[in-house]
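Colleague: I'd like to ask you about the structure that follows.
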Amino acid sequence: MRRKANQKRLIPLLLALVATMVGAALAVPTFNLNVQNIGEGGPQAINVPGGVANANVNWVLDNNPDYVKGVSVSFDQDLASGTTIYAKVYDSSGNLIAQGTTTLSSALTAGTAVEIDLNTTVEIKNMYQVAVVLVGS
């Protein structure tokens with residue numbers, strides 16, 4: 001019973017979006033993300049906070065444009081105050097190379113971007129995948 005309660009609170013917004021970065025010569029892309037609810041296809045789907053179905057991720061560059069220092073994320077639906085947003089960056093081997101988190105102190109209106117600083121800067125050429133996770137309050 002407690003496990004189900006925890007699962008309802010810890011809802012991944014996205015499992016992962018694969019984005020291959022080919023050298024520093026490319027422009028920093030914007031990603032359109034599609035959301036899959038936990039349990040989709042199974043007997044019980046758990047709804048994503050705020051009914052979010054799509055999100056956009058933009059990279060926040062460091063002073064050296066070969067490195068990323070954070071992400072800017074916006075969603076297609078409003079999010080309630082207290083929602084926690086996690087951003088995780090993985091390399092091509094599936095290793096977590098950077099992460100960041102923020103908890104909303106007030107409601108976030110659909111389409112409004114929120115910036116999340118990563119715990120370390122990441123060289124663009126090492127980035128392979130990004131995951132964004134929402135945890136409802």
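Quick note on naming: the chains in the structure tokens go A, B, ... in the order shown, residues restart at 1 in each chain, and ligands are numbered from 1 in order of appearance.
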Leaving out Asp78 in chain A and any residue of its chain fewer than 2 positions from it, which residues lie within 8 Å of it when counting only C-alpha atoms, given as a ChimeraX atom specification?

Modeller: /A:50,52,75-76,80,107-110

Colleague: As a list in words, please: the residues near Thr101 in chain A (cut-off 12 Å, only C-alpha atoms, same-chain neighbours under 6 positions excluded).

Modeller: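 Counting only the stated atoms, we get Gly70, Val71, Ser72, Val73, Thr83, Thr84, Ile85, Tyr86, Ala87, Lys88, Val89, Val114, Glu115, Ile116, Asp117, Leu118, Asn119, Ala131, Val132, Val133, Leu134 and Val135 of chain A.
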